[in-house]
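**Q** If you scroll down you'll find the structure; I have some questions about it.
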Amino acid sequence: MSLFLSGAVAFGHELIFDFSHNRETYTWSDSLVYRPSYLGEDRVLFTNTSRSTLIKESVLLDKKDRWQENYRTMFEWKIRQEQGPNRFGAATFFQNEYSSFEERLVSENKIGLSASLSPVEGLILKNSGAFSTTVRDYYGEKHRVNGYNNILTANYNHRFAPRTLVSFDVEHDMLIVPDVPTSYLEGHSLFQSLGNSDTVRVRLSGSLQNNKYFTSTTSFESISRQRRTTANANLAVSLEPASNTHLWLTSDFDFREYRYKHYGQSGATSGLLGSNNDTRTIDYRLTAARKLYKHMEINSHYLYRESKEDYGDLGAKQKVKTGEFAVGVDVGHLLIDSVWAGATFSVTGYFSERVSSFFSDRDRAMELYNIGAKHRLSPHMTIRVDGSYRDFHQTYVSGTLSANNNHNEVYVLQPSVEVRPYRWLRIVNSFLMHANYVWYDYEKNVSSERNTLFRRARWTSDYEIIVSRRLTVQPSYTYKYEDFGQLLWKDQWVQKTNWDRRAHLPAIELRYRPFSGIELNPGVSYEWKKSWEFVLSESGAIERVDKEKFERTTIFLGVEYRPRATTRISMSALRRIQKSSLYSDDTTNQFVINVQRSF
Amino acid sequence: MKSKSLIILILFGLTCTNPFSGRDSETPSEAEGTFITPVEPEIVLLNLEASYNEKIISNFIQCLDTTFYFTFDFLQFADLPDTSWGYGAERIITDNIFNYYRAGQDSISLSLSMQAIESLPGVKDDTLAVLYREYELTGISSSVERAVPDTVIYTGTAEFDIIQTSGNLWAIRRWADNHASTNDTGWSDFKNGFR
């Protein structure tokens, strides 16, 4: 290491170290990027990343410690670079990857040479070849494969005009080893023309992957082959057909096909075997926006998406079709007043390709309406109101599932007031009223415990007090109310409350900068919550009885030290103590430290 | 002329079917499934268990947040095709599982049980809960041609990060599957069989 540090010209080195502790989990990770230059034309790149996780006395492993470790180290020496007058580049590299998990590990080493050539402006060809050795050790049973890895890439881009370009990229990655060879070929092309008001962009891409892999993570008895083919086409056009009117058209086609073949013994690990499948999706979206008068804009979009999924003998073939229409209006965009409203309607249908008494053809329809307004009463006070209504309607066509057809409706109202009486004081009071109705189509007129209403209200009062240039204090208080119960239809919905709960949450947080480059962020919060439930008493009357008392105290401290722009050290610690009359008490400690240095 | 055109247009619109309404459904022929409004994180796992046993995909999907991802204990660089997946893949995989077991329910069955782990109580914050469950998933099939053997028991421990969503209800954001022992097959092996 010292060899690289002496006499080298540095270019953007970086060192990062992290440690965190959360309950029984300890995590260490680090990353080093070091790229000096010795001869002027050359460049050395050394990168190392590692991550170790320890779960102490894991219940997942009979109270034993559980380790997972991943390391990746790469050293590359670019002897010549293809940029500038050279047009020819060469490099040598070494790479090590190591991964262990409990009593299984994989280690892979590669050593090789790469060469790059730029014969004409805009074209770069690169090939790298490396000998590789991979060792897999599963519970003492070792398996070693030696092979050759070749990666060939070609990139070309050309500008016809300052704002019109075309580009092509091709990559072929091949690993030739016994038993588990892999091959990957992918290509991308792009055409883009940016005009003052009109823009066109077309993207085409495709890939072909052919991999063999050990079917089991615990033995080397069986091998599977996965062939994956993908294709994607994307079109985006924007137009300004008239003054103050914009149109956008986007369309996307996506195709994925997976084919599997299995060799050798199957057995207990056969669940890993993949099934042949393919999916193709096409969608288009047309969006329009028009400005009216001086401060009004209306916008609308229509989206259509169709996908077809084929899972062969699994009998899970289906088509999915989605249509969505939305319209919205904004009035204002002013500092003092603004009003907005919108509506969205959509339906997604699932269609089986075969008919049986168990098919799950279904539709999901949505209606969404939102409205809002903001008004600045004075330079010191602003009020805002948001409201919305949303209904999801799930419909199964088959009688075997149609008992589950249901509506899920949500009403939300959120007013807020922001006051700045002095430059050093800011007060925000926000309120939330929320109601969620769930009711089943075929159980509207009967007493069903599946028809429910969940209501929630919250008031939060936040304060920001700037005591001095170095100190800011942020106290806050939140009150919460929630209730839940069965819905009954008696010409209108009425609620039979099952339980309710109330909570008070005071908190205070400081931001203190005692010296330049240091910020302290201590804080404490307390939550007191009480729940009640409604039960049938011996006399037949419904009584409200205590259900749970809950207390939680959280203390935290954050410290950030930035002695200079290239160095950052941060630390945070948190301790949380919970007491509940219904559940076991809990104490949690969390600790995180992060060191980052660029040089 | 303009008003006539407008009236004709409105009448035409009224006679059209609402393109954003769902299809008509058959009258229920079977008992309803189980889904409790998830106002507590523990209820999400009850719904998850019920959706598996009743094989009702919409109830399962309601257990997941759209940022959901599934991971399982694995070795990196072990050349497995995948070691984690997201919301869309989980929906498709589970749809495959439920469709498969529903379509052949005369000859195959699937049952799931989950238990809290006494030595590892869950942790619950205002918007995040971490819950641990031991599970046993039993798949029975009479077909020898299937990838899934006649009777396979999948056991292990699952760790769930359950978050309070924008709708103020709880849903699973992260599901980490851990094999019970290195020789046992776990839930992730079962799911991989339906990819």
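If you're wondering about the labels, chains in the structure tokens are A, B, ... by order shown, residues count from 1 in each chain, ligands from 1 in order shown.
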Considering only C-alpha atoms, give me a table of residues in stretch 319-398 of chain A that are at most 10 Å from stretch 44-66 of chain B, with the closest atom pair and distance in Å for each, as JSON lines.
**A**
{"residue": "A:Ser360", "atom": "CA", "partner": "B:Ile57", "partner_atom": "CA", "distance": 8.4}
{"residue": "A:Arg362", "atom": "CA", "partner": "B:Ser58", "partner_atom": "CA", "distance": 9.1}
{"residue": "A:Arg364", "atom": "CA", "partner": "B:Ser58", "partner_atom": "CA", "distance": 9.4}
{"residue": "A:Gln394", "atom": "CA", "partner": "B:Ser58", "partner_atom": "CA", "distance": 7.9}
{"residue": "A:Thr395", "atom": "CA", "partner": "B:Ser58", "partner_atom": "CA", "distance": 9.6}
{"residue": "A:Tyr396", "atom": "CA", "partner": "B:Ser58", "partner_atom": "CA", "distance": 9.4}
**Q** Residues within 8 Å of A:Lys549, please, as a list in words. Count only C-alpha atoms; anything in the same chain fewer than 6 positions from it doesn't count.
**A**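 My reading of the contact set: Trp528, Lys529, Lys530, Ser531, Ser580, Ser581 and Leu582 of chain A.
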**Q** Neighbours of A:Arg159 within 12 Å (only C-alpha atoms; same-chain residues fewer than 4 positions away dropped), as an MDAnalysis selection string?
**A** chainID A and resid 121:122 163:167 190:194
**Q** If you run DSSP over the backbone, which residues in stretch 126-350 of chain A end up helix (DSSP H, G or I)? Put them as a list in words.
**A** Ser270, Gly271, Leu272, Gly312, Asp313 and Leu314 of chain A
**Q** Mind checking which residues fall within 7 Å of B:Val152, counting only C-alpha atoms, ignoring those fewer than 6 positions away in the same chain, and posting them as a list of chain:residue names?
**A**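 The residues that qualify are B:Thr138, B:Gly139, B:Ile140.
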**Q** Once you have the residues from the selection above, write them out as a PDB file, in the first residue's frame, restricted to N, CA and C atoms.
**A**
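Output file again_10.pdb follows:
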ATOM      1  N   THR B 138     -47.071 -26.591   3.705  1.00  0.00           N
ATOM      2  CA  THR B 138     -47.142 -27.971   3.220  1.00  0.00           C
ATOM      3  C   THR B 138     -47.821 -28.000   1.865  1.00  0.00           C
ATOM      4  N   GLY B 139     -47.110 -28.512   0.880  1.00  0.00           N
ATOM      5  CA  GLY B 139     -47.671 -28.677  -0.457  1.00  0.00           C
ATOM      6  C   GLY B 139     -47.849 -30.152  -0.759  1.00  0.00           C
ATOM      7  N   ILE B 140     -49.061 -30.529  -1.138  1.00  0.00           N
ATOM      8  CA  ILE B 140     -49.348 -31.942  -1.440  1.00  0.00           C
ATOM      9  C   ILE B 140     -49.822 -32.028  -2.875  1.00  0.00           C
TER      10      ILE B 140
END
**Q** Using only C-alpha atoms, determine which residues lie at most 12 Å from A:Pro421, disregarding the query and same-chain residues fewer than 2 positions distant; provide the list as a list in words.
**A**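 Using only C-alpha atoms, the neighbours found are Ser378, Pro379, His380, Met381, Thr382, Glu418, Val419, Arg423, Trp424, Leu425, Arg426, Ile427, Val428, Tyr463, Glu464 and Ile465 of chain A.
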**Q** Using C-alpha atoms, can you export the residues from the last selection as a compact mmCIF listing (two decimals), in the first residue's frame?
**A**
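Result saved to result-v5.txt:
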# COMPACT_ATOMS: atom_id res chain seq x y z
CA SER A 378 -50.45 37.86 5.42
CA PRO A 379 -46.67 37.63 5.09
CA HIS A 380 -46.79 35.88 8.48
CA MET A 381 -49.64 33.42 8.01
CA THR A 382 -50.55 30.81 5.38
CA GLU A 418 -48.31 28.09 9.23
CA VAL A 419 -47.52 31.17 11.30
CA ARG A 423 -38.14 35.93 12.23
CA TRP A 424 -36.93 33.60 14.97
CA LEU A 425 -40.20 31.68 15.41
CA ARG A 426 -42.14 29.40 13.06
CA ILE A 427 -45.29 27.51 14.14
CA VAL A 428 -47.05 24.90 12.01
CA TYR A 463 -42.32 24.88 16.58
CA GLU A 464 -38.97 26.08 15.28
CA ILE A 465 -37.21 28.57 17.55
**Q** How many Å separate atom CA of A:Gln318 from atom CA of A:Asn232?
**A** 20.7 Å
**Q** Tell me, in Å to one decimal, how far atom CA of B:Asp126 is from atom CA of B:Asp73.
**A** 28.0 Å
**Q** Which residues are near A:His262? Cut-off 7 Å, only C-alpha atoms, ignore same chain within fewer than 5 positions. Put them as JSON, numbers by chain.
**A** {"A": [223, 224, 225]}
**Q** Just how far from atom CA of A:Ser388 is atom CA of A:Met366, in Å to one decimal?
**A**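 Pair atom CA of A:Met366 / atom CA of A:Ser388 returns 13.2 Å.
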**Q** Fewer than 4 positions away in the same chain doesn't count, so skip those; otherwise give me all residues within 8 Å of B:Ile163, counting only C-alpha atoms, as a list in words.
**A**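 Once the nearby chain positions are removed, what remains is Pro41, Asp65, Thr127, Leu128, Ala129, Trp170, Ala171, Ile172 and Arg173 of chain B.
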